[in-house]
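In what follows, a structure is listed as structure tokens, so that the remarks can point back to it.
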Amino acid sequence: MNRDGVYLAANMFPTTASSTTTSVLVLPKADLIAGTVAHRTLFENVNPGSTGFSIQPVDDPRSTGVPVEILLSAFSTGAGQFKRSDVAGSVTSPVLDTTDKFIPVPPFSGPPNAQQPGPKAPLDVGDTRVSSRVVMRQGELWGVQSVDGGGRSALRWFDIDIATNTLRQSGLIGSPTLAFYYGSIAVNDFGDVVIGFSGSGPAQFVSAYAVQGHTQNGVTTFGDPLLLKAGVSDYEVTFGAGRNRWGDYSATTLDPDDPSRFWTIQEWVSATNIWSTQITELHVAPAPPTLLLWGATVTALGSLARWRGRRQKLAP
């Protein structure tokens, strides 16, 4: 989303023998407020060779960039390339620009499956695609992806300069005992960064985590990961497909009314073979630095939704 519109991007899988494609939908915000989609534009069945797979529209609430909207994909992280595409023109008459805007990044291989306690299958945590939104702050793009970090899944965060299409900085968030995967990121104008994600290991069921960083003089430093909600059991759901997939449902956002507050929504295992949603508010106070945490959990059991909440104050 930006000041002028809402943008959706999707991988389009065939139900027949045709090829997999990507599509981008542009919805003017004025139309949505008026209760219509009359001026929508759909760029349909685009060749992923020109956009990359799993393209992420950039969240830019101020809309300070020249393009109407920027799209980013981890085009080929094995070869060390991200791919930028632009929605140009105007929000009511847009053009999809997929000309070559490749961004060199350090190459990484895909994350290995994540361990969990017990004899059940390890968790399939996907690949190196950017599976959550990319955010724009002060002329920079921030995002996160899962990669192989020394034999365990880890999170690579990145910061890209929009004007030059170059990588400003990047880093890994990993652990010698835990796998971290399916991260999402939010950034405020004061240099604070929060990444929410899932984590597990041989002695840790799948749990919800977050980590806080701060940028000073162009360098971002992260603290230790914070456990938001500990998993309580193991998980194996394959639907007969032969892989124990953990879902890529991760979102971290900045509160639009308070730049010191972040919200992160993460999955965790609340009972055997059941995942639930942990919603956590993190308050980053300017001085002295503290972290206020409030959490709620929603567990889906048929039509029954069960909520639990907690609040505590922690050091960052």
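Naming scheme: A, B, ... for chains in displayed order of the structure tokens; residues 1 onward per chain; ligands 1 onward as shown.
With only C-alpha atoms taken into account, the protein and nucleic acid residues at most 8 Å from Ile185 of chain A (excluding it and anything under 3 positions from it in its own chain) are Ser132, Arg133, Val134, Val135, Trp142, Gly143, Val144, Val193, Val194, Ile195, Gly196, Ala251, Thr252 and Thr253 of chain A.
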Would you mind exporting N, CA and C atoms of the selected residues as a CSV table (one decimal), in the first residue's frame?
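Listing of out.csv after writing:
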chain,number,residue,atom,x,y,z
A,132,SER,N,7.4,-12.2,2.6
A,132,SER,CA,6.6,-11.2,3.3
A,132,SER,C,6.9,-9.8,2.7
A,133,ARG,N,6.2,-8.8,3.1
A,133,ARG,CA,6.3,-7.6,2.4
A,133,ARG,C,7.6,-6.9,2.6
A,134,VAL,N,7.9,-6.1,1.6
A,134,VAL,CA,9.1,-5.2,1.6
A,134,VAL,C,8.7,-3.8,2.0
A,135,VAL,N,9.4,-3.1,2.8
A,135,VAL,CA,9.0,-1.8,3.3
A,135,VAL,C,10.0,-0.7,2.8
A,142,TRP,N,13.7,-2.3,2.8
A,142,TRP,CA,14.0,-3.3,3.8
A,142,TRP,C,13.2,-4.6,3.6
A,143,GLY,N,13.9,-5.7,3.7
A,143,GLY,CA,13.2,-7.0,3.6
A,143,GLY,C,14.0,-8.1,4.3
A,144,VAL,N,13.4,-9.3,4.2
A,144,VAL,CA,14.0,-10.4,4.9
A,144,VAL,C,13.6,-11.7,4.2
A,193,VAL,N,14.3,-1.2,13.9
A,193,VAL,CA,13.9,-2.3,13.0
A,193,VAL,C,13.5,-3.5,13.9
A,194,VAL,N,12.3,-4.1,13.5
A,194,VAL,CA,11.8,-5.3,14.2
A,194,VAL,C,11.5,-6.3,13.1
A,195,ILE,N,12.0,-7.5,13.4
A,195,ILE,CA,11.8,-8.7,12.6
A,195,ILE,C,11.1,-9.8,13.4
A,196,GLY,N,9.9,-10.2,13.0
A,196,GLY,CA,9.2,-11.3,13.6
A,196,GLY,C,9.4,-12.6,12.8
A,251,ALA,N,3.7,-11.5,9.5
A,251,ALA,CA,3.6,-10.1,9.2
A,251,ALA,C,4.1,-9.3,10.4
A,252,THR,N,4.9,-8.3,10.1
A,252,THR,CA,5.3,-7.3,11.1
A,252,THR,C,5.1,-5.9,10.5
A,253,THR,N,4.4,-5.1,11.3
A,253,THR,CA,4.0,-3.7,10.8
A,253,THR,C,4.3,-2.7,11.8
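Excluding Met136 of chain A itself and same-chain residues fewer than 4 positions from it, the residues having an atom within 9 Å of it are Val58, Asp59, Asp60, Pro61, Glu140, Leu141, Trp142, Ile162 and Val187 of chain A, counting only C-alpha atoms.
With distances restricted to only C-alpha atoms, A:Thr41 is the closest residue to Tyr7 of chain A from A:Ser73, A:Asn47, A:Ser19, A:Thr41.
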Shell around Thr98 of chain A at 7 Å using only C-alpha atoms, local window under 6 positions removed, as a list in words: Ser50, Thr51, Ser85 and Asp86 of chain A
Written file, previous selection with C-alpha atoms, as a compact mmCIF listing (two decimals), in the first residue's frame:
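Okay, this is what ended up in part-v1.txt:
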# COMPACT_ATOMS: atom_id res chain seq x y z
CA SER A 50 10.81 -10.78 -16.34
CA THR A 51 9.54 -10.13 -12.80
CA SER A 85 10.11 -3.94 -11.29
CA ASP A 86 8.11 -0.69 -11.23
Skip Ser233 of chain A itself and residues of its chain fewer than 3 positions away, then list as a short mmCIF file (atom, residue, chain, number, x, y, z; two decimals) with C-alpha atoms, in the first residue's frame all residues within 6 Å of it, counting only C-alpha atoms.
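The new file selection-v7.cif reads:
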data_model
loop_
_atom_site.label_atom_id
_atom_site.label_comp_id
_atom_site.auth_asym_id
_atom_site.auth_seq_id
_atom_site.Cartn_x
_atom_site.Cartn_y
_atom_site.Cartn_z
CA PHE A 205 8.90 -26.80 19.48
CA ALA A 271 -1.22 -28.46 20.51
CA THR A 272 -0.14 -31.56 18.64
#
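If you look at atom CA of Ala210 of chain A and atom CA of Leu8 of chain A, they are 25.9 Å away from each other.
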Please return as a PDB file with C-alpha atoms, in the first residue's frame: the residues of segment 17-75 of chain A that backbone DSSP assigns to strand (DSSP E).
ATOM      1  CA  THR A  21       2.951 -16.905 -14.344  1.00  0.00           C
ATOM      2  CA  THR A  22       2.731 -13.828 -12.125  1.00  0.00           C
ATOM      3  CA  SER A  23       0.029 -11.150 -11.949  1.00  0.00           C
ATOM      4  CA  VAL A  24      -0.122  -7.655 -10.438  1.00  0.00           C
ATOM      5  CA  LEU A  25      -3.350  -5.849  -9.508  1.00  0.00           C
ATOM      6  CA  VAL A  26      -3.420  -2.038  -9.043  1.00  0.00           C
ATOM      7  CA  LEU A  27      -6.350  -0.603  -7.052  1.00  0.00           C
ATOM      8  CA  PRO A  28      -6.624   3.198  -6.706  1.00  0.00           C
ATOM      9  CA  THR A  41      -5.701  -2.415 -13.602  1.00  0.00           C
ATOM     10  CA  LEU A  42      -4.671  -6.068 -13.817  1.00  0.00           C
ATOM     11  CA  PHE A  43      -1.342  -7.046 -15.351  1.00  0.00           C
ATOM     12  CA  GLU A  44      -2.158 -10.687 -15.911  1.00  0.00           C
ATOM     13  CA  ASN A  45      -0.050 -13.763 -16.706  1.00  0.00           C
ATOM     14  CA  VAL A  46       3.291 -11.962 -16.762  1.00  0.00           C
ATOM     15  CA  GLN A  56       6.499  -8.317  -3.262  1.00  0.00           C
ATOM     16  CA  PRO A  57       4.881  -4.887  -3.655  1.00  0.00           C
ATOM     17  CA  VAL A  58       6.670  -2.352  -1.472  1.00  0.00           C
ATOM     18  CA  ASP A  59       4.861  -0.737   1.462  1.00  0.00           C
ATOM     19  CA  GLU A  69       4.942   1.462  -6.879  1.00  0.00           C
ATOM     20  CA  ILE A  70       8.074  -0.701  -6.628  1.00  0.00           C
ATOM     21  CA  LEU A  71       8.009  -4.508  -6.764  1.00  0.00           C
ATOM     22  CA  LEU A  72      10.881  -6.708  -5.561  1.00  0.00           C
ATOM     23  CA  SER A  73      11.716 -10.392  -5.956  1.00  0.00           C
ATOM     24  CA  ALA A  74      14.593 -12.617  -4.926  1.00  0.00           C
ATOM     25  CA  PHE A  75      15.199 -13.331  -8.594  1.00  0.00           C
TER      26      PHE A  75
END
12 Å contact set for Val211 of chain A, only C-alpha atoms, chain neighbours under 5 positions out, as a PyMOL selection string: chain A and resi 155+157+172-174+180+183-186+192-199+221-228+252+262+264+282+284+291+315-316
Figure out the distance between atom CA of Phe108 of chain A and atom CA of Thr20 of chain A, please, to one decimal in Å. 24.1 Å
DSSP helix (DSSP H, G or I) residues within segment 18-196 of chain A, listed as a count of residues only: 9
At what distance in Å, to one decimal, does atom CA of Phe13 of chain A lie from atom CA of Ala241 of chain A? 16.8 Å
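Between Ile103 of chain A and the candidates A:Ala154, A:Leu167, A:Val87, A:Ala121, the tightest atom-to-atom separation, counting only C-alpha atoms, involves A:Leu167.
Excluding Ser146 of chain A itself and same-chain residues fewer than 5 positions from it, the residues having an atom within 8 Å of it are Gly110, Pro111, Gly126, Asp127, Thr128, Arg129, Val130, Ser153, Ala154, Leu155, Arg156, Phe180, Tyr181, Tyr182 and Gly183 of chain A, counting only C-alpha atoms.
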Include C-alpha atoms and write out the residues we just selected as a compact mmCIF listing (two decimals), in the first residue's frame.
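For reference, selection22.txt as written:
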# COMPACT_ATOMS: atom_id res chain seq x y z
CA GLY A 110 17.97 -22.29 0.29
CA PRO A 111 17.24 -23.04 3.95
CA GLY A 126 10.38 -23.08 1.90
CA ASP A 127 13.13 -21.42 -0.10
CA THR A 128 14.93 -18.09 -0.46
CA ARG A 129 11.97 -16.17 -1.88
CA VAL A 130 10.95 -12.97 -0.07
CA SER A 153 17.74 -22.05 8.44
CA ALA A 154 18.53 -18.43 9.24
CA LEU A 155 17.12 -15.02 8.33
CA ARG A 156 18.92 -12.72 5.95
CA PHE A 180 14.81 -19.35 12.21
CA TYR A 181 12.45 -19.02 9.25
CA TYR A 182 9.58 -17.12 7.63
CA GLY A 183 10.51 -13.64 8.83
